[in-house]
file final29.tsv (TSV, C-alpha atoms)
chain	number	residue	atom	x	y	z
D	1	MET	CA	0.00	0.00	0.00
D	2	GLN	CA	2.82	2.39	0.84
D	3	PHE	CA	4.32	1.81	-2.62
D	4	LEU	CA	1.02	2.94	-4.12
D	5	LEU	CA	0.59	5.94	-1.84
D	6	ALA	CA	4.07	7.37	-2.40
D	7	PRO	CA	3.72	7.96	-6.19
D	8	ALA	CA	0.16	9.19	-5.63
D	9	SER	CA	1.31	11.71	-3.04
D	10	ARG	CA	4.07	12.96	-5.36
D	11	LEU	CA	1.56	13.33	-8.18
D	12	TRP	CA	-0.84	15.23	-5.91
D	13	PHE	CA	2.01	17.53	-4.79
D	14	ARG	CA	3.01	18.23	-8.40
D	15	LEU	CA	-0.58	18.99	-9.36
D	16	ARG	CA	-0.93	21.38	-6.43
D	17	LEU	CA	2.38	23.02	-7.35
D	18	ASN	CA	1.19	23.53	-10.92
D	19	GLU	CA	-1.94	25.23	-9.58
D	20	VAL	CA	-0.29	27.37	-6.92
D	21	GLY	CA	3.00	28.08	-8.76
D	22	PRO	CA	1.59	30.64	-11.23
D	23	LEU	CA	-0.22	32.48	-8.43
D	24	LEU	CA	2.89	32.59	-6.27
D	25	SER	CA	5.05	33.81	-9.15
D	26	LEU	CA	2.57	36.57	-10.02
D	27	ALA	CA	2.32	37.57	-6.37
D	28	GLY	CA	6.11	37.69	-6.14
D	29	PHE	CA	6.31	39.79	-9.29
D	30	GLY	CA	3.73	42.24	-7.96
D	31	PHE	CA	5.37	42.59	-4.55
D	32	PHE	CA	8.93	43.07	-5.80
D	33	ALA	CA	7.84	45.40	-8.61
D	34	TRP	CA	6.01	47.53	-6.02
D	35	ALA	CA	9.11	47.50	-3.80
D	36	PHE	CA	11.30	48.72	-6.67
D	37	ILE	CA	8.88	51.51	-7.57
D	38	ALA	CA	8.72	52.62	-3.93
D	39	ILE	CA	12.53	52.67	-3.61
D	40	ALA	CA	12.93	54.46	-6.94
D	41	ASP	CA	10.44	57.11	-5.87
D	42	GLU	CA	12.34	57.72	-2.62
D	43	VAL	CA	15.64	57.92	-4.49
D	44	ARG	CA	14.28	60.47	-6.98
D	45	GLU	CA	13.09	62.66	-4.12
D	46	GLY	CA	16.42	62.34	-2.29
D	47	GLU	CA	14.80	60.77	0.76
D	48	THR	CA	17.35	57.93	0.94
D	49	HIS	CA	20.50	60.06	0.97
D	50	SER	CA	20.91	60.29	4.75
D	51	LEU	CA	20.43	56.56	5.33
D	52	ASP	CA	22.59	55.70	2.33
D	53	SER	CA	25.40	57.87	3.67
D	54	PHE	CA	25.05	56.48	7.20
D	55	PHE	CA	25.38	52.83	6.16
D	56	LEU	CA	28.14	53.54	3.66
D	57	LEU	CA	30.24	55.37	6.26
D	58	ALA	CA	29.40	52.77	8.94
D	59	LEU	CA	31.38	50.22	6.92
D	60	ARG	CA	34.51	52.41	6.94
D	61	ASN	CA	37.26	53.07	9.45
D	62	PRO	CA	36.36	56.43	11.10
D	63	GLN	CA	40.04	57.43	11.09
D	64	ASP	CA	40.47	56.56	7.41
D	65	ILE	CA	37.36	56.33	5.23
D	66	ALA	CA	39.46	54.82	2.45
D	67	ASP	CA	39.83	51.73	4.62
D	68	PRO	CA	36.80	49.38	4.88
D	69	LEU	CA	36.16	47.81	8.27
D	70	GLY	CA	37.81	44.47	8.95
D	71	PRO	CA	41.11	42.85	8.01
D	72	SER	CA	42.66	43.21	4.58
D	73	TRP	CA	41.65	39.67	3.58
D	74	LEU	CA	37.99	40.61	4.02
D	75	GLU	CA	38.28	43.38	1.44
D	76	GLU	CA	39.96	40.96	-0.96
D	77	ALA	CA	37.21	38.40	-0.31
D	78	ALA	CA	34.61	41.07	-1.05
D	79	ARG	CA	36.21	41.66	-4.45
D	80	ASP	CA	36.05	37.93	-5.15
D	81	ILE	CA	32.42	37.76	-4.06
D	82	THR	CA	31.39	40.81	-6.07
D	83	GLY	CA	32.79	39.09	-9.15
D	84	LEU	CA	30.02	36.49	-8.83
D	85	GLY	CA	27.63	39.18	-10.05
D	86	GLY	CA	29.85	40.51	-12.82
D	87	TYR	CA	29.28	40.04	-16.52
D	88	ALA	CA	32.26	37.71	-16.98
D	89	VAL	CA	31.27	35.20	-14.28
D	90	LEU	CA	27.56	35.34	-15.08
D	91	THR	CA	28.29	34.79	-18.76
D	92	ILE	CA	30.33	31.68	-17.95
D	93	VAL	CA	27.60	30.36	-15.62
D	94	VAL	CA	24.85	30.97	-18.19
D	95	LEU	CA	26.82	29.48	-21.09
D	96	ALA	CA	27.61	26.37	-19.03
D	97	THR	CA	23.93	26.05	-18.13
D	98	LEU	CA	22.85	26.46	-21.74
D	99	ALA	CA	25.37	23.82	-22.85
D	100	TYR	CA	24.04	21.38	-20.25
D	101	LEU	CA	20.39	22.00	-21.18
D	102	LEU	CA	21.09	21.59	-24.88
D	103	LEU	CA	23.03	18.37	-24.28
D	104	ALA	CA	20.08	17.15	-22.18
D	105	ARG	CA	17.79	18.06	-25.13
D	106	LYS	CA	15.86	20.61	-23.11
D	107	ARG	CA	15.83	23.30	-25.79
D	108	GLY	CA	12.79	25.11	-24.42
D	109	ALA	CA	14.37	25.47	-20.99
D	110	ALA	CA	17.61	26.69	-22.60
D	111	LEU	CA	15.75	29.39	-24.52
D	112	LEU	CA	13.94	30.38	-21.35
D	113	VAL	CA	17.18	30.83	-19.39
D	114	LEU	CA	18.75	32.76	-22.26
D	115	GLY	CA	15.72	35.03	-22.58
D	116	ALA	CA	15.56	35.67	-18.83
D	117	VAL	CA	19.22	36.66	-18.54
D	118	VAL	CA	19.51	38.68	-21.77
D	119	GLY	CA	16.22	40.42	-21.03
D	120	GLY	CA	17.47	41.22	-17.54
D	121	MET	CA	20.68	42.72	-18.92
D	122	LEU	CA	18.74	44.94	-21.29
D	123	LEU	CA	16.38	45.99	-18.49
D	124	SER	CA	19.31	46.81	-16.21
D	125	THR	CA	20.97	48.94	-18.89
D	126	GLY	CA	17.72	50.77	-19.62
D	127	LEU	CA	17.06	51.54	-15.96
D	128	LYS	CA	20.59	52.84	-15.41
D	129	LEU	CA	20.29	55.12	-18.43
D	130	GLY	CA	16.88	56.29	-17.24
D	131	PHE	CA	17.90	57.20	-13.69
D	132	GLU	CA	21.56	58.18	-14.30
D	133	ARG	CA	22.31	58.31	-10.58
D	134	PRO	CA	25.96	59.13	-9.81
D	135	ARG	CA	28.10	56.62	-7.95
D	136	PRO	CA	28.82	57.24	-4.25
D	137	ASP	CA	31.41	59.96	-3.72
D	138	LEU	CA	31.72	59.70	0.07
D	139	VAL	CA	34.36	56.98	0.03
D	140	PRO	CA	36.97	55.71	-2.45
D	141	HIS	CA	35.76	52.85	-4.63
D	142	GLY	CA	37.14	49.40	-3.93
D	143	ALA	CA	36.41	48.17	-7.47
D	144	ARG	CA	36.30	49.65	-10.95
D	145	VAL	CA	32.93	50.97	-12.15
D	146	TYR	CA	31.84	52.03	-15.61
D	147	THR	CA	28.09	52.68	-15.46
D	148	ALA	CA	25.53	54.67	-13.48
D	149	SER	CA	24.66	53.66	-9.95
D	150	PHE	CA	20.89	52.96	-9.84
D	151	PRO	CA	19.89	50.19	-9.70
D	152	SER	CA	22.84	47.94	-8.91
D	153	GLY	CA	23.45	45.80	-11.98
D	154	HIS	CA	25.41	43.24	-9.95
D	155	ALA	CA	22.57	42.85	-7.44
D	156	MET	CA	19.92	42.74	-10.17
D	157	LEU	CA	21.64	40.32	-12.53
D	158	SER	CA	22.77	37.99	-9.75
D	159	ALA	CA	19.17	37.85	-8.53
D	160	ILE	CA	17.89	37.09	-12.02
D	161	THR	CA	20.54	34.50	-12.85
D	162	TYR	CA	20.92	32.63	-9.58
D	163	LEU	CA	17.23	32.67	-8.65
D	164	THR	CA	16.23	31.44	-12.12
D	165	LEU	CA	18.85	28.68	-12.11
D	166	GLY	CA	18.06	27.78	-8.50
D	167	ALA	CA	14.37	27.38	-9.32
D	168	LEU	CA	15.23	25.35	-12.42
D	169	LEU	CA	17.48	22.99	-10.48
D	170	ALA	CA	15.01	22.72	-7.60
D	171	ARG	CA	12.27	21.46	-9.93
D	172	VAL	CA	14.30	18.44	-11.02
D	173	GLN	CA	14.78	17.34	-7.40
D	174	GLU	CA	12.33	15.11	-5.53
D	175	GLY	CA	13.27	15.96	-1.95
D	176	ARG	CA	11.93	19.17	-0.46
D	177	HIS	CA	15.07	19.61	1.65
D	178	ILE	CA	17.23	19.61	-1.48
D	179	GLN	CA	14.85	22.05	-3.18
D	180	ALA	CA	15.00	24.36	-0.17
D	181	PHE	CA	18.80	24.09	-0.08
D	182	LEU	CA	19.14	25.03	-3.76
D	183	MET	CA	16.82	28.03	-3.49
D	184	GLY	CA	18.44	29.08	-0.22
D	185	LEU	CA	21.88	28.91	-1.84
D	186	ALA	CA	20.67	31.05	-4.76
D	187	VAL	CA	19.30	33.67	-2.37
D	188	PHE	CA	22.47	33.56	-0.23
D	189	ILE	CA	24.77	34.20	-3.20
D	190	THR	CA	22.51	37.02	-4.40
D	191	LEU	CA	22.61	38.67	-0.97
D	192	LEU	CA	26.39	38.31	-0.69
D	193	VAL	CA	26.94	39.98	-4.05
D	194	GLY	CA	24.75	42.93	-3.11
D	195	VAL	CA	26.36	43.44	0.29
D	196	SER	CA	29.83	43.31	-1.28
D	197	ARG	CA	28.91	46.23	-3.56
D	198	VAL	CA	28.10	48.44	-0.58
D	199	TYR	CA	31.15	47.24	1.38
D	200	LEU	CA	33.41	48.18	-1.52
D	201	GLY	CA	31.77	51.62	-1.72
D	202	VAL	CA	30.69	51.35	-5.36
D	203	HIS	CA	26.95	51.47	-4.65
D	204	TRP	CA	24.56	53.21	-2.30
D	205	PRO	CA	22.54	50.70	-0.21
D	206	SER	CA	19.35	51.84	-1.96
D	207	ASP	CA	20.95	50.91	-5.30
D	208	VAL	CA	21.39	47.35	-4.06
D	209	LEU	CA	17.90	47.13	-2.55
D	210	ALA	CA	16.43	48.31	-5.84
D	211	GLY	CA	18.59	45.85	-7.78
D	212	TRP	CA	17.42	42.97	-5.62
D	213	ALA	CA	13.79	44.06	-5.97
D	214	VAL	CA	13.71	44.47	-9.75
D	215	GLY	CA	15.83	41.35	-10.23
D	216	ALA	CA	13.49	39.25	-8.11
D	217	ALA	CA	10.47	40.74	-9.91
D	218	TRP	CA	11.94	39.87	-13.32
D	219	ALA	CA	12.84	36.34	-12.16
D	220	ALA	CA	9.29	35.83	-10.83
D	221	LEU	CA	7.80	37.06	-14.10
D	222	CYS	CA	10.05	34.74	-16.11
D	223	TRP	CA	9.07	31.83	-13.89
D	224	PHE	CA	5.39	32.59	-14.46
D	225	VAL	CA	6.00	32.56	-18.21
D	226	ALA	CA	7.89	29.27	-17.86
D	227	LEU	CA	4.97	27.64	-16.05
D	228	GLN	CA	2.53	28.81	-18.69
D	229	LEU	CA	4.73	27.56	-21.53
D	230	GLN	CA	5.23	24.28	-19.73
D	231	ARG	CA	1.48	23.77	-19.50
D	232	ARG	CA	1.23	24.25	-23.26
D	233	GLY	CA	4.12	21.89	-23.96
D	234	LYS	CA	6.42	24.66	-25.20
D	235	VAL	CA	8.94	24.06	-22.42
D	236	GLU	CA	9.93	20.58	-21.32
D	237	ASP	CA	8.86	19.24	-17.97
D	238	PRO	CA	11.93	18.74	-15.73
D	239	GLY	CA	11.54	14.98	-16.00
D	240	GLU	CA	11.21	14.90	-19.77
D	241	SER	CA	13.54	15.31	-22.72
D	242	SER	CA	12.64	16.57	-26.15
D	243	HIS	CA	13.60	14.43	-29.14
D	244	PRO	CA	15.28	15.73	-32.30
call {"tool": "encode", "arguments": {"input": "final29.tsv", "output": "structure tokens"}}
result
Amino acid sequence: MQFLLAPASRLWFRLRLNEVGPLLSLAGFGFFAWAFIAIADEVREGETHSLDSFFLLALRNPQDIADPLGPSWLEEAARDITGLGGYAVLTIVVLATLAYLLLARKRGAALLVLGAVVGGMLLSTGLKLGFERPRPDLVPHGARVYTASFPSGHAMLSAITYLTLGALLARVQEGRHIQAFLMGLAVFITLLVGVSRVYLGVHWPSDVLAGWAVGAAWAALCWFVALQLQRRGKVEDPGESSHP
């Protein structure tokens, strides 16, 4: 009897997930989009400047604001961590993922990942050009920067990439603990990247919060699209492979 109940319970859970998943993804999109709009409105009005300055200076040595708090190895580690949200590392991660999905004959999932990341990059560039917020000038920068400050592209793109890939990997796992671990790891990396940007003095905290918000909103929207396409057979189910 237990052998019969186990597959039935997994089927029931998958059916419930297919029903609730689109609602949760839309709710996540709505919440994070609202959060970004609220932060952007405060930034435009200059309401975040005092808090931004406080947290930025709080991470610096009061006797020498060019020196971040903590030992020298921590600053070097922050540079390594911030690279996880850079274009070079994210490009390698995405290309490796695309290669794996194509080898596994999951072409629909590969196109979805590519569309999510490329679309996120274009959105990030457009938002930066639209707001044109200057980089922090209170402290020396601990890393090279080439674009405007708002929103943080590292925070946004790491949220889009790692959350999308985390959700994709979680869906091919049976155990809930493994699924939770994968999503938790994706969130953890995203948070580390954002914090490293503030620690290195290249972003205001509100830049990072906005980057997280719009990145999570975009990832949730892409996941909603993925669920809809999967229902129509346009994207492969995690347990299936398409045939040439």
call {"tool": "closest_residue", "arguments": {"input": "final29.tsv", "among": "D:Leu138, D:Gln228, D:Leu221, D:Val94", "to": "Leu165 in chain D", "atoms": "only C-alpha atoms"}}
result
D:Val94
call {"tool": "atom_distance", "arguments": {"input": "final29.tsv", "atom1": "CA of Ser158 in chain D", "atom2": "CA of Leu102 in chain D"}}
result
22.4 Å
call {"tool": "closest_residue", "arguments": {"input": "final29.tsv", "among": "D:Ala110, D:Val198, D:Ile160, D:Leu101", "to": "Ala143 in chain D", "atoms": "only C-alpha atoms"}}
result
D:Val198
call {"tool": "atom_distance", "arguments": {"input": "final29.tsv", "atom1": "CA of Leu51 in chain D", "atom2": "CA of Leu209 in chain D"}}
result
12.5 Å
call {"tool": "atom_distance", "arguments": {"input": "final29.tsv", "atom1": "CA of Val145 in chain D", "atom2": "CA of Ala77 in chain D"}}
result
17.8 Å
call {"tool": "closest_residue", "arguments": {"input": "final29.tsv", "among": "D:Glu47, D:Asp80, D:Asp207, D:Glu174", "to": "Val193 in chain D", "atoms": "all atoms listed in the file"}}
result
D:Asp80
call {"tool": "closest_residue", "arguments": {"input": "final29.tsv", "among": "D:Leu56, D:Leu157, D:Leu84, D:Leu112", "to": "Gly211 in chain D", "atoms": "only C-alpha atoms"}}
result
D:Leu157
call {"tool": "residues_around", "arguments": {"input": "final29.tsv", "residues": "Val225 in chain D", "least_positions_apart": "5", "cutoff": "9 Å", "atoms": "only C-alpha atoms", "output": "PyMOL selection string"}}
result
chain D and resi 22+112+220+230
call {"tool": "closest_residue", "arguments": {"input": "final29.tsv", "among": "D:Pro62, D:His154, D:Val139, D:Tyr100", "to": "Thr125 in chain D", "atoms": "all atoms listed in the file"}}
result
D:His154
call {"tool": "closest_residue", "arguments": {"input": "final29.tsv", "among": "D:Trp73, D:Phe150, D:Phe188, D:Phe55", "to": "Asp41 in chain D", "atoms": "only C-alpha atoms"}}
result
D:Phe150
call {"tool": "residues_around", "arguments": {"input": "final29.tsv", "residues": "Phe29 in chain D", "least_positions_apart": "3", "cutoff": "10 Å", "atoms": "all atoms listed in the file", "output": "list in words"}}
result
Leu23, Leu24, Ser25, Leu26, Phe32, Ala33, Trp34, Ala35, Ala213, Val214, Gly215, Ala216, Ala217, Trp218, Ala219, Ala220, Leu221, Cys222, Trp223 and Phe224 of chain D
call {"tool": "residues_around", "arguments": {"input": "final29.tsv", "residues": "Tyr87 in chain D", "least_positions_apart": "2", "cutoff": "12 Å", "atoms": "all atoms listed in the file", "output": "PyMOL selection string"}}
result
chain D and resi 82-85+89-95+117-118+120-121+153-158+161
call {"tool": "axis_aligned_box", "arguments": {"input": "final29.tsv", "around": "range 84-92 of chain D", "padding_each_side": "8 Å", "output": "lines of an AutoDock Vina configuration file"}}
result
center_x = 29.9
center_y = 36.1
center_z = -13.8
size_x = 20.7
size_y = 24.8
size_z = 25.9
call {"tool": "build_atoms", "arguments": {"input": "final29.tsv", "residues": "range 100-115 of chain D", "atoms": "N, CA and C atoms", "output": "PDB file, in the frame of the given file"}}
result
ATOM      1  N   TYR D 100      24.616  22.547 -20.919  1.00  0.00           N
ATOM      2  CA  TYR D 100      24.040  21.380 -20.250  1.00  0.00           C
ATOM      3  C   TYR D 100      22.607  21.128 -20.720  1.00  0.00           C
ATOM      4  N   LEU D 101      21.788  22.171 -20.776  1.00  0.00           N
ATOM      5  CA  LEU D 101      20.390  22.000 -21.180  1.00  0.00           C
ATOM      6  C   LEU D 101      20.273  21.526 -22.621  1.00  0.00           C
ATOM      7  N   LEU D 102      21.133  22.028 -23.485  1.00  0.00           N
ATOM      8  CA  LEU D 102      21.090  21.590 -24.880  1.00  0.00           C
ATOM      9  C   LEU D 102      21.556  20.142 -25.018  1.00  0.00           C
ATOM     10  N   LEU D 103      22.584  19.760 -24.255  1.00  0.00           N
ATOM     11  CA  LEU D 103      23.030  18.370 -24.280  1.00  0.00           C
ATOM     12  C   LEU D 103      21.958  17.432 -23.734  1.00  0.00           C
ATOM     13  N   ALA D 104      21.178  17.941 -22.757  1.00  0.00           N
ATOM     14  CA  ALA D 104      20.080  17.150 -22.180  1.00  0.00           C
ATOM     15  C   ALA D 104      18.824  17.232 -23.035  1.00  0.00           C
ATOM     16  N   ARG D 105      18.904  17.910 -24.194  1.00  0.00           N
ATOM     17  CA  ARG D 105      17.790  18.060 -25.130  1.00  0.00           C
ATOM     18  C   ARG D 105      16.599  18.790 -24.507  1.00  0.00           C
ATOM     19  N   LYS D 106      16.899  19.759 -23.686  1.00  0.00           N
ATOM     20  CA  LYS D 106      15.860  20.610 -23.110  1.00  0.00           C
ATOM     21  C   LYS D 106      15.984  21.996 -23.749  1.00  0.00           C
ATOM     22  N   ARG D 107      15.634  22.068 -25.022  1.00  0.00           N
ATOM     23  CA  ARG D 107      15.830  23.300 -25.790  1.00  0.00           C
ATOM     24  C   ARG D 107      14.931  24.427 -25.293  1.00  0.00           C
ATOM     25  N   GLY D 108      13.704  24.079 -24.921  1.00  0.00           N
ATOM     26  CA  GLY D 108      12.790  25.110 -24.420  1.00  0.00           C
ATOM     27  C   GLY D 108      13.311  25.748 -23.156  1.00  0.00           C
ATOM     28  N   ALA D 109      13.821  24.929 -22.228  1.00  0.00           N
ATOM     29  CA  ALA D 109      14.370  25.470 -20.990  1.00  0.00           C
ATOM     30  C   ALA D 109      15.602  26.322 -21.264  1.00  0.00           C
ATOM     31  N   ALA D 110      16.430  25.907 -22.239  1.00  0.00           N
ATOM     32  CA  ALA D 110      17.610  26.690 -22.600  1.00  0.00           C
ATOM     33  C   ALA D 110      17.224  28.060 -23.125  1.00  0.00           C
ATOM     34  N   LEU D 111      16.214  28.106 -23.991  1.00  0.00           N
ATOM     35  CA  LEU D 111      15.750  29.390 -24.520  1.00  0.00           C
ATOM     36  C   LEU D 111      15.176  30.264 -23.418  1.00  0.00           C
ATOM     37  N   LEU D 112      14.507  29.635 -22.460  1.00  0.00           N
ATOM     38  CA  LEU D 112      13.940  30.380 -21.350  1.00  0.00           C
ATOM     39  C   LEU D 112      15.026  31.041 -20.507  1.00  0.00           C
ATOM     40  N   VAL D 113      16.068  30.282 -20.170  1.00  0.00           N
ATOM     41  CA  VAL D 113      17.180  30.830 -19.390  1.00  0.00           C
ATOM     42  C   VAL D 113      17.856  31.958 -20.155  1.00  0.00           C
ATOM     43  N   LEU D 114      18.106  31.745 -21.443  1.00  0.00           N
ATOM     44  CA  LEU D 114      18.750  32.760 -22.260  1.00  0.00           C
ATOM     45  C   LEU D 114      17.904  34.030 -22.318  1.00  0.00           C
ATOM     46  N   GLY D 115      16.596  33.873 -22.520  1.00  0.00           N
ATOM     47  CA  GLY D 115      15.720  35.030 -22.580  1.00  0.00           C
ATOM     48  C   GLY D 115      15.647  35.782 -21.259  1.00  0.00           C
TER      49      GLY D 115
END
